[in-house]
>>> print(open('structure_27.cif').read())   # mmCIF, C-alpha atoms
data_structure
loop_
_atom_site.label_atom_id
_atom_site.label_comp_id
_atom_site.auth_asym_id
_atom_site.auth_seq_id
_atom_site.Cartn_x
_atom_site.Cartn_y
_atom_site.Cartn_z
CA MET A 1 6.60 -1.63 -18.30
CA LYS A 2 7.45 -0.88 -14.69
CA TYR A 3 4.67 -0.11 -12.20
CA PHE A 4 5.16 1.40 -8.74
CA ILE A 5 2.00 0.95 -6.66
CA ILE A 6 1.15 2.37 -3.21
CA ALA A 7 -1.65 0.88 -1.08
CA GLY A 8 -1.77 1.69 2.63
CA GLU A 9 -4.60 -0.48 3.98
CA ALA A 10 -6.02 -4.00 3.85
CA SER A 11 -8.73 -3.06 1.33
CA GLY A 12 -6.15 -1.29 -0.82
CA ASP A 13 -3.96 -4.38 -0.74
CA LEU A 14 -6.88 -6.46 -2.02
CA HIS A 15 -7.85 -4.11 -4.82
CA ALA A 16 -4.25 -3.39 -5.84
CA SER A 17 -3.49 -7.12 -6.04
CA ASN A 18 -6.41 -7.60 -8.43
CA LEU A 19 -5.16 -4.68 -10.50
CA MET A 20 -1.66 -6.19 -10.62
CA ARG A 21 -3.07 -9.50 -11.84
CA GLU A 22 -4.93 -7.75 -14.63
CA LEU A 23 -1.97 -5.53 -15.55
CA ARG A 24 0.13 -8.63 -16.07
CA LYS A 25 -2.50 -10.00 -18.45
CA GLU A 26 -2.32 -6.81 -20.51
CA ASP A 27 1.46 -6.39 -20.18
CA THR A 28 3.34 -9.67 -20.02
CA LYS A 29 6.59 -7.84 -19.22
CA ALA A 30 5.10 -5.98 -16.26
CA GLU A 31 7.45 -5.37 -13.31
CA PHE A 32 6.11 -4.31 -9.91
CA CYS A 33 7.53 -2.46 -6.94
CA PHE A 34 5.11 -1.49 -4.20
CA LEU A 35 4.06 -0.52 -0.72
CA GLY A 36 1.22 -2.86 0.18
CA GLY A 37 0.46 -6.22 1.71
CA ASP A 38 0.47 -9.98 1.42
CA LEU A 39 -2.04 -10.12 -1.43
CA MET A 40 0.07 -7.79 -3.55
CA GLN A 41 3.14 -9.82 -2.64
CA SER A 42 1.40 -12.93 -3.99
CA GLN A 43 1.30 -11.25 -7.40
CA GLY A 44 5.09 -10.89 -7.45
CA GLY A 45 7.43 -7.94 -7.46
CA LYS A 46 9.36 -6.16 -4.72
CA MET A 47 7.65 -5.01 -1.53
CA ILE A 48 9.21 -1.90 0.00
CA LYS A 49 6.94 -1.60 3.04
CA HIS A 50 3.98 -3.54 4.45
CA TYR A 51 0.83 -1.50 5.05
CA ARG A 52 0.83 -2.64 8.70
CA GLN A 53 3.87 -0.40 9.18
CA MET A 54 1.95 2.56 7.74
CA ALA A 55 -1.45 2.31 9.44
CA PHE A 56 -1.62 5.38 11.70
CA MET A 57 -5.13 6.72 12.24
CA GLY A 58 -6.15 10.31 12.94
CA PHE A 59 -4.21 13.41 13.89
CA TRP A 60 -2.87 12.04 17.18
CA GLY A 61 -1.93 8.70 15.66
CA VAL A 62 0.14 10.45 13.02
CA LEU A 63 1.63 12.90 15.52
CA LYS A 64 2.70 10.17 17.94
CA ASN A 65 4.35 8.27 15.11
CA ALA A 66 5.72 11.30 13.26
CA ARG A 67 9.23 9.86 12.92
CA LYS A 68 7.92 6.59 11.48
CA VAL A 69 5.67 8.49 9.06
CA LEU A 70 8.59 10.62 7.88
CA ASN A 71 10.78 7.54 7.46
CA ASN A 72 8.05 5.84 5.42
CA ILE A 73 7.75 8.89 3.16
CA ASN A 74 11.51 9.10 2.61
CA GLU A 75 11.82 5.37 2.01
CA CYS A 76 9.03 5.50 -0.54
CA LYS A 77 10.62 8.42 -2.38
CA LYS A 78 13.97 6.62 -2.57
CA ALA A 79 12.28 3.47 -3.84
CA ILE A 80 10.53 5.36 -6.64
CA VAL A 81 13.79 7.03 -7.66
CA ASN A 82 15.66 3.72 -7.64
CA PHE A 83 12.95 1.77 -9.48
CA GLN A 84 12.39 4.45 -12.16
CA PRO A 85 8.86 3.27 -13.02
CA ASP A 86 6.89 4.08 -16.14
CA VAL A 87 3.98 5.05 -13.89
CA VAL A 88 3.15 5.44 -10.21
CA ILE A 89 -0.29 4.08 -9.31
CA LEU A 90 -1.89 5.31 -6.09
CA VAL A 91 -4.68 3.41 -4.33
CA ASP A 92 -6.85 5.63 -2.05
CA TYR A 93 -4.84 6.51 1.15
CA PRO A 94 -4.66 10.26 0.33
CA GLY A 95 -2.74 11.49 3.38
CA PHE A 96 0.28 9.55 2.17
CA ASN A 97 -0.41 9.24 -1.54
CA LEU A 98 -1.04 12.87 -2.47
CA PRO A 99 2.41 13.97 -1.22
CA MET A 100 3.84 11.06 -3.24
CA ALA A 101 1.96 12.31 -6.29
CA ARG A 102 3.48 15.77 -5.86
CA PHE A 103 6.99 14.36 -5.44
CA THR A 104 6.63 12.08 -8.44
CA LYS A 105 5.41 14.84 -10.77
CA GLU A 106 7.58 17.71 -9.56
CA LYS A 107 10.87 15.86 -9.04
CA LEU A 108 10.69 12.97 -11.50
CA ASN A 109 8.00 13.95 -14.04
CA ILE A 110 6.67 10.39 -14.06
CA PRO A 111 2.97 9.80 -14.89
CA VAL A 112 0.72 9.41 -11.84
CA TYR A 113 -2.52 7.42 -11.94
CA TYR A 114 -5.02 7.14 -9.10
CA TYR A 115 -7.09 3.94 -8.74
CA ILE A 116 -9.89 4.39 -6.21
CA SER A 117 -10.37 8.07 -5.55
CA PRO A 118 -9.91 9.63 -2.13
CA LYS A 119 -13.32 10.47 -0.71
CA ILE A 120 -12.95 14.20 -1.31
CA TRP A 121 -16.65 14.36 -2.16
CA ALA A 122 -17.26 13.70 1.56
CA TRP A 123 -14.54 15.77 3.23
CA LYS A 124 -11.36 17.70 2.43
CA GLU A 125 -12.68 18.79 -0.94
CA HIS A 126 -9.72 21.17 -1.15
CA ARG A 127 -7.61 18.14 -2.15
CA ILE A 128 -9.04 18.51 -5.66
CA LYS A 129 -6.36 21.16 -6.28
CA ALA A 130 -3.55 18.66 -5.68
CA ILE A 131 -5.32 15.98 -7.70
CA LYS A 132 -5.74 18.26 -10.71
CA GLN A 133 -2.13 19.38 -10.45
CA TYR A 134 -0.35 16.09 -9.81
CA VAL A 135 -2.59 13.21 -10.97
CA ASP A 136 -2.62 12.51 -14.70
CA LYS A 137 -5.59 10.15 -14.66
CA MET A 138 -8.18 9.21 -12.04
CA PHE A 139 -9.90 5.82 -12.27
CA THR A 140 -13.07 5.99 -10.17
CA ILE A 141 -15.25 3.24 -8.68
CA PHE A 142 -18.55 4.98 -7.87
CA PRO A 143 -20.93 6.29 -10.54
CA PHE A 144 -21.59 9.56 -8.68
CA GLU A 145 -17.87 10.44 -8.71
CA THR A 146 -18.01 11.21 -12.43
CA GLU A 147 -20.47 14.04 -11.83
CA PHE A 148 -18.56 15.27 -8.79
CA TYR A 149 -15.26 15.59 -10.65
CA ALA A 150 -16.98 17.06 -13.72
CA GLY A 151 -18.11 19.88 -11.44
CA HIS A 152 -14.41 20.60 -10.88
CA ASN A 153 -13.58 20.40 -14.62
CA TYR A 154 -11.58 17.21 -14.10
CA PRO A 155 -12.57 14.27 -16.32
CA VAL A 156 -12.26 10.80 -14.80
CA GLU A 157 -12.52 7.21 -15.99
CA TYR A 158 -15.27 5.21 -14.25
CA VAL A 159 -14.30 1.51 -14.31
CA GLY A 160 -16.88 -0.08 -12.01
CA ASN A 161 -16.43 -1.11 -8.41
CA PRO A 162 -13.70 -3.57 -7.37
CA SER A 163 -15.79 -4.81 -4.44
CA VAL A 164 -18.14 -6.30 -7.04
CA ASP A 165 -15.17 -8.24 -8.42
CA SER A 166 -13.96 -9.33 -4.99
CA VAL A 167 -17.39 -10.56 -3.94
CA ASP A 168 -18.03 -12.20 -7.31
CA MET A 169 -14.73 -14.13 -7.11
CA ARG A 170 -14.85 -14.86 -3.39
CA PRO A 171 -13.80 -18.37 -2.30
CA ASN A 172 -15.98 -21.14 -0.91
CA GLN A 173 -19.26 -19.84 -2.32
CA GLN A 174 -20.64 -23.38 -2.35
CA GLN A 175 -19.70 -23.98 1.29
CA SER A 176 -22.65 -25.02 3.44
CA PHE A 177 -23.50 -23.52 6.81
CA GLU A 178 -22.71 -26.85 8.43
CA GLU A 179 -19.27 -26.96 6.78
CA PHE A 180 -18.49 -23.41 7.94
CA CYS A 181 -19.49 -24.22 11.51
CA SER A 182 -17.51 -27.44 11.51
CA LYS A 183 -14.39 -25.72 10.15
CA ASN A 184 -14.55 -23.09 12.89
CA SER A 185 -15.77 -25.34 15.74
CA LEU A 186 -19.00 -23.37 16.02
CA PRO A 187 -22.30 -24.63 17.40
CA ASP A 188 -25.26 -25.13 15.08
CA LYS A 189 -26.84 -21.72 15.78
CA PRO A 190 -27.61 -18.83 13.42
CA ILE A 191 -24.87 -16.19 13.27
CA ILE A 192 -24.62 -12.46 13.87
CA ALA A 193 -21.39 -11.31 12.22
CA LEU A 194 -19.32 -8.54 13.82
CA LEU A 195 -17.01 -6.56 11.52
CA ALA A 196 -15.14 -4.02 13.61
CA GLY A 197 -12.55 -2.87 11.08
CA SER A 198 -8.94 -3.65 10.21
CA ARG A 199 -7.01 -1.42 12.64
CA LYS A 200 -6.48 -1.89 16.37
CA GLN A 201 -7.67 1.62 17.19
CA GLU A 202 -11.04 1.26 15.50
CA ILE A 203 -11.51 -2.33 16.69
CA SER A 204 -10.95 -1.43 20.34
CA ALA A 205 -13.22 1.61 19.98
CA CYS A 206 -16.31 -0.30 18.86
CA MET A 207 -15.91 -4.01 19.57
CA THR A 208 -17.31 -4.05 23.12
CA ARG A 209 -20.57 -2.34 22.14
CA MET A 210 -20.95 -4.63 19.12
CA ILE A 211 -20.51 -7.72 21.28
CA ASN A 212 -22.86 -6.57 24.04
CA ALA A 213 -25.59 -5.82 21.50
CA ALA A 214 -25.24 -9.20 19.78
CA LEU A 215 -25.29 -11.08 23.08
CA ARG A 216 -28.81 -9.78 23.70
CA PHE A 217 -29.94 -12.43 21.20
CA PRO A 218 -29.09 -15.72 22.93
CA GLU A 219 -30.68 -17.77 20.16
CA TYR A 220 -27.90 -16.48 17.88
CA GLN A 221 -24.12 -16.77 18.14
CA ALA A 222 -21.85 -13.73 17.67
CA VAL A 223 -18.82 -14.33 15.46
CA ILE A 224 -16.09 -11.74 14.90
CA ALA A 225 -14.45 -11.34 11.50
CA GLY A 226 -10.76 -11.45 12.39
CA ALA A 227 -8.88 -8.77 10.43
CA PRO A 228 -5.68 -9.72 8.58
CA GLY A 229 -2.57 -8.82 10.51
CA ILE A 230 -4.33 -8.52 13.88
CA ASP A 231 -3.04 -10.94 16.51
CA PRO A 232 -5.71 -13.24 18.03
CA GLY A 233 -4.52 -12.18 21.48
CA PHE A 234 -5.64 -8.63 20.79
CA TYR A 235 -9.23 -9.79 20.22
CA LYS A 236 -9.12 -12.02 23.27
CA SER A 237 -8.06 -9.08 25.42
CA LEU A 238 -11.25 -7.31 24.37
CA LEU A 239 -13.47 -10.36 24.74
CA LYS A 240 -12.43 -11.17 28.30
CA ASP A 241 -14.85 -13.94 29.35
CA LYS A 242 -17.54 -13.35 26.73
CA ASN A 243 -18.63 -16.35 24.66
CA VAL A 244 -17.83 -14.96 21.22
CA ARG A 245 -15.83 -16.77 18.53
CA ILE A 246 -13.42 -15.33 15.95
CA ALA A 247 -13.12 -16.42 12.30
CA PHE A 248 -9.88 -15.31 10.67
CA ASP A 249 -9.41 -14.87 6.90
CA GLN A 250 -13.04 -15.85 6.27
CA THR A 251 -14.92 -12.55 6.25
CA TYR A 252 -16.82 -13.26 3.05
CA GLU A 253 -17.72 -16.76 4.19
CA LEU A 254 -18.85 -15.42 7.56
CA LEU A 255 -21.08 -12.83 5.92
CA GLN A 256 -22.49 -15.41 3.53
CA HIS A 257 -23.65 -17.56 6.44
CA ALA A 258 -24.71 -14.77 8.84
CA LYS A 259 -28.34 -13.77 9.35
CA ALA A 260 -27.28 -10.21 10.20
CA ALA A 261 -24.14 -8.14 10.62
CA VAL A 262 -22.92 -5.19 12.66
CA VAL A 263 -20.39 -3.40 10.47
CA ASN A 264 -17.97 -0.59 11.19
CA SER A 265 -18.33 1.99 8.42
CA GLY A 266 -15.97 1.45 5.48
CA THR A 267 -15.62 -0.74 2.41
CA ALA A 268 -17.01 -3.67 4.41
CA THR A 269 -20.48 -2.09 4.41
CA LEU A 270 -20.58 -2.29 0.62
CA GLU A 271 -19.19 -5.83 0.56
CA THR A 272 -21.82 -6.89 3.10
CA ALA A 273 -24.55 -5.47 0.88
CA LEU A 274 -23.17 -7.15 -2.26
CA ILE A 275 -23.11 -10.51 -0.47
CA GLY A 276 -26.66 -9.86 0.68
CA THR A 277 -26.42 -9.81 4.47
CA PRO A 278 -28.74 -7.35 6.25
CA GLN A 279 -26.67 -5.00 8.40
CA VAL A 280 -26.53 -2.11 10.80
CA VAL A 281 -23.63 0.31 10.27
CA VAL A 282 -21.79 1.81 13.23
CA TYR A 283 -19.00 4.32 13.63
CA ASN A 284 -17.30 5.49 16.79
CA VAL A 285 -16.61 9.21 17.13
CA TYR A 286 -14.78 10.60 20.13
CA PHE A 287 -16.59 13.58 21.69
CA GLY A 288 -19.56 12.32 19.70
CA ARG A 289 -22.20 14.98 20.40
CA LEU A 290 -19.79 17.81 19.67
CA MET A 291 -18.40 16.19 16.53
CA LEU A 292 -21.85 15.41 15.20
CA ALA A 293 -22.87 19.03 15.78
CA LEU A 294 -19.85 20.11 13.71
CA LYS A 295 -20.42 17.44 11.03
CA ASP A 296 -22.12 19.71 8.52
CA ILE A 297 -19.17 22.09 8.58
CA PHE A 298 -16.59 19.46 7.67
CA VAL A 299 -18.53 16.66 5.97
CA HIS A 300 -20.38 17.36 2.74
CA VAL A 301 -22.49 14.23 2.41
CA LYS A 302 -25.68 13.16 4.14
CA TYR A 303 -24.56 9.58 4.85
CA ILE A 304 -21.35 7.86 5.93
CA SER A 305 -21.89 4.30 4.69
CA LEU A 306 -21.07 3.48 1.08
CA VAL A 307 -24.37 1.64 0.75
CA ASN A 308 -26.42 4.74 1.49
CA LEU A 309 -24.08 7.05 -0.42
CA VAL A 310 -24.44 5.05 -3.63
CA ALA A 311 -28.20 4.58 -3.17
CA GLN A 312 -28.54 8.27 -2.16
CA LYS A 313 -31.03 7.28 0.53
CA GLU A 314 -31.11 5.35 3.79
CA VAL A 315 -30.96 1.66 2.95
CA VAL A 316 -29.15 0.66 6.15
CA LYS A 317 -29.33 2.30 9.55
CA GLU A 318 -26.27 4.36 10.48
CA LEU A 319 -25.51 4.65 14.19
CA ILE A 320 -22.67 7.12 14.61
CA ALA A 321 -21.20 9.17 17.44
CA HIS A 322 -23.49 9.16 20.52
CA PHE A 323 -26.17 7.21 18.61
CA PHE A 324 -23.82 4.22 18.58
CA THR A 325 -25.03 2.55 21.77
CA VAL A 326 -25.70 -1.05 22.76
CA GLU A 327 -29.41 -0.25 23.04
CA ASN A 328 -29.66 1.27 19.55
CA VAL A 329 -27.65 -1.49 17.89
CA SER A 330 -29.76 -4.18 19.52
CA LYS A 331 -32.97 -2.45 18.45
CA GLU A 332 -31.80 -2.38 14.84
CA LEU A 333 -30.68 -6.01 15.00
CA ASP A 334 -34.14 -6.91 16.28
CA ASN A 335 -35.67 -5.18 13.25
CA ILE A 336 -33.32 -6.93 10.84
CA LEU A 337 -33.83 -10.37 12.37
CA HIS A 338 -37.55 -10.31 13.18
CA ASN A 339 -39.30 -7.76 10.95
CA LYS A 340 -39.73 -9.64 7.66
CA THR A 341 -40.93 -6.61 5.68
CA TYR A 342 -38.06 -4.46 6.93
CA ARG A 343 -35.54 -7.18 6.12
CA GLN A 344 -36.93 -7.86 2.67
CA ASN A 345 -36.93 -4.18 1.76
CA MET A 346 -33.24 -3.97 2.63
CA LEU A 347 -32.46 -6.98 0.47
CA HIS A 348 -34.44 -5.44 -2.41
CA GLU A 349 -32.41 -2.24 -2.16
CA TYR A 350 -29.22 -4.33 -2.11
CA ALA A 351 -30.23 -5.84 -5.48
CA LEU A 352 -30.79 -2.39 -6.99
CA LEU A 353 -27.44 -1.24 -5.62
CA LYS A 354 -25.63 -4.16 -7.21
CA ASP A 355 -27.26 -3.46 -10.58
CA SER A 356 -26.12 0.17 -10.46
CA PHE A 357 -22.45 -0.86 -10.64
CA GLY A 358 -22.81 -2.60 -13.96
CA GLY A 359 -21.26 -5.96 -13.09
CA PRO A 360 -17.72 -7.13 -12.31
CA GLY A 361 -14.53 -6.22 -14.18
CA ALA A 362 -13.25 -3.02 -12.52
CA ALA A 363 -9.64 -4.14 -12.24
CA SER A 364 -9.65 -5.48 -15.79
CA LYS A 365 -11.10 -2.26 -17.22
CA ALA A 366 -8.64 -0.13 -15.28
CA ALA A 367 -5.65 -2.23 -16.32
CA LYS A 368 -6.60 -2.15 -20.01
CA LYS A 369 -7.04 1.60 -19.97
CA MET A 370 -3.78 2.18 -18.06
CA VAL A 371 -1.73 0.08 -20.47
CA GLU A 372 -3.48 1.71 -23.43
CA ILE A 373 -2.71 5.23 -22.22
CA LEU A 374 0.88 4.39 -21.27
CA GLY A 375 1.47 2.72 -24.63
CA ALA A 376 0.19 5.80 -26.43
CA VAL A 377 2.57 8.18 -24.66
CA ARG A 378 5.71 6.02 -24.84
#
>>> encode(input="structure_27.cif", output="structure tokens")
Amino acid sequence: MKYFIIAGEASGDLHASNLMRELRKEDTKAEFCFLGGDLMQSQGGKMIKHYRQMAFMGFWGVLKNARKVLNNINECKKAIVNFQPDVVILVDYPGFNLPMARFTKEKLNIPVYYYISPKIWAWKEHRIKAIKQYVDKMFTIFPFETEFYAGHNYPVEYVGNPSVDSVDMRPNQQQSFEEFCSKNSLPDKPIIALLAGSRKQEISACMTRMINAALRFPEYQAVIAGAPGIDPGFYKSLLKDKNVRIAFDQTYELLQHAKAAVVNSGTATLETALIGTPQVVVYNVYFGRLMLALKDIFVHVKYISLVNLVAQKEVVKELIAHFFTVENVSKELDNILHNKTYRQNMLHEYALLKDSFGGPGAASKAAKKMVEILGAVR
């Protein structure tokens, strides 16, 4: 069968590539055409557009790049028409993917599957209307999503969480701390990992505060997780003369060896928890005090980090908007690094969180179910 897959971010590229691998196991004649990244490309098929050409954040980011966005949409539509897939599989990225779902159903009447639901349980709940109308099957990755969608009379297929798979299969798990330091020319000092995100806008918005907080602990070394596709020169322009190293393409290894992490809210918070690294979660919000005051109007969840959302309580400290300061981050790092009871409680909650997902195999379960459903309707 022919699969057209759309992933618009680094995390989507990772999870979509795992899904492609498992689809090929279930369907030896699988053909792929996609918008995605290098990991998807490694699974074979034809890439139409790299996600780096699609990563525009926020209203102003989209507005400033309106022509590029429109070109991406049109190019994607043409590619779907030309490829004539048996199914279009969408991976998160709702601002782009939901219009593609509508086009695919209304103009081509091709089945549409969604792997990794948009976070409509947090904001923009009105998107449920488009999902019910244009998405044939939703494959979810958080247990609480089943109940959420049931409340909208829309049954979903929970397949487990792909971050469990990614962490379980991560490379170099037997690597020693000494080997990691030697590979990256790092001194023999304990590490505070800094994960600022995968896009230039979010990295530049939070990196300086992350660094300044970590540098308050001179007995530790701060190491940045270099995001794929981000030029080293961009990080160096933010670092200026600060003594902070960067480790590219080694985020999991960095987390494995770090004593603590400062993590920009996103999938990385969950991956950090699954690896078992105590963390403080941060998130920059422009006009912070005002936006936080308006939060309850637009955001329908109590927490922003996936760790706390799944646990349904505060496991990790969230410092957002005007609470995201160097002083607050350093205070939380001090707790994580020096308060043994506090640290151990976080690690205990991490273990419970991991158990709640039911083990690895999300991509495999999703692929089997997709091929099963497609085979039944052909």
>>> closest_residue(input="structure_27.cif", among="A:Ile73, A:Val135, A:Val310, A:Leu238", to="Ala101 (chain A)", atoms="only C-alpha atoms")
A:Val135
>>> residues_around(input="structure_27.cif", residues="Lys313 (chain A)", least_positions_apart="4", cutoff="12 Å", atoms="all atoms listed in the file", output="number ranges by chain")
A: 301-309, 317-318, 346, 349, 353
>>> atom_distance(input="structure_27.cif", atom1="CA of Val69 (chain A)", atom2="CA of Val81 (chain A)")
18.6 Å
>>> resolve_selection(input="structure_27.cif", expression="the PyMOL selection byres ((chain A and resi 248) around 12)", output="list of chain:residue names")
A:Lys183, A:Asn184, A:Leu195, A:Ser198, A:Val223, A:Ile224, A:Ala225, A:Gly226, A:Ala227, A:Pro228, A:Gly229, A:Ile230, A:Asp231, A:Pro232, A:Tyr235, A:Arg245, A:Ile246, A:Ala247, A:Asp249, A:Gln250, A:Thr251, A:Tyr252, A:Glu253, A:Leu254
>>> atom_distance(input="structure_27.cif", atom1="CA of Lys369 (chain A)", atom2="CA of Phe83 (chain A)")
22.6 Å
>>> resolve_selection(input="structure_27.cif", expression="the PyMOL selection byres ((chain A and resi 192) around 12)", output="VMD selection string")
chain A and resid 189 to 191 193 to 195 210 to 225 244 to 246 254 to 263 277 to 280 330 333 to 334 336 to 337
>>> resolve_selection(input="structure_27.cif", expression="the PyMOL selection byres ((chain A and resi 358) around 10)", output="list in words")
Pro143, Val159, Gly160, Asn161, Val164, Leu353, Lys354, Asp355, Ser356, Phe357, Gly359, Pro360, Gly361 and Ala362 of chain A
>>> residues_around(input="structure_27.cif", residues="Asn97 (chain A)", least_positions_apart="4", cutoff="10 Å", atoms="all atoms listed in the file", output="PyMOL selection string")
chain A and resi 6-8+73+89-93+101-103+114+118
>>> closest_residue(input="structure_27.cif", among="A:Arg52, A:His152, A:Lys105, A:Met370", to="His126 (chain A)", atoms="all atoms listed in the file")
A:His152
>>> atom_distance(input="structure_27.cif", atom1="CA of Lys340 (chain A)", atom2="CA of Glu314 (chain A)")
17.7 Å
>>> axis_aligned_box(input="structure_27.cif", around="region 172-176 of chain A", padding_each_side="4 Å", output="AutoDock Vina command-line options")
--center_x -19.3 --center_y -22.4 --center_z 0.5 --size_x 14.7 --size_y 13.2 --size_z 13.8
>>> closest_residue(input="structure_27.cif", among="A:Asn339, A:Asn74, A:Asn18, A:Thr146", to="Met40 (chain A)", atoms="only C-alpha atoms")
A:Asn18
>>> residues_around(input="structure_27.cif", residues="region 28-33 of chain A", least_positions_apart="6", cutoff="9 Å", atoms="all atoms listed in the file", output="JSON, numbers by chain")
{"A": [1, 2, 3, 4, 5, 6, 20, 43, 44, 45, 46, 47, 48, 79, 80, 83, 85]}
>>> residues_near_point(input="structure_27.cif", point="(-25.9, -5.2, -0.1)", cutoff="7 Å", atoms="all atoms listed in the file", output="JSON, numbers by chain")
{"A": [270, 271, 272, 273, 274, 275, 276, 277, 347, 350, 351, 353]}
>>> closest_residue(input="structure_27.cif", among="A:Gln344, A:Met54, A:Phe148, A:Glu22", to="Arg199 (chain A)", atoms="all atoms listed in the file")
A:Met54
>>> closest_residue(input="structure_27.cif", among="A:Tyr342, A:Tyr115, A:Phe323, A:Tyr283", to="Gly197 (chain A)", atoms="all atoms listed in the file")
A:Tyr283
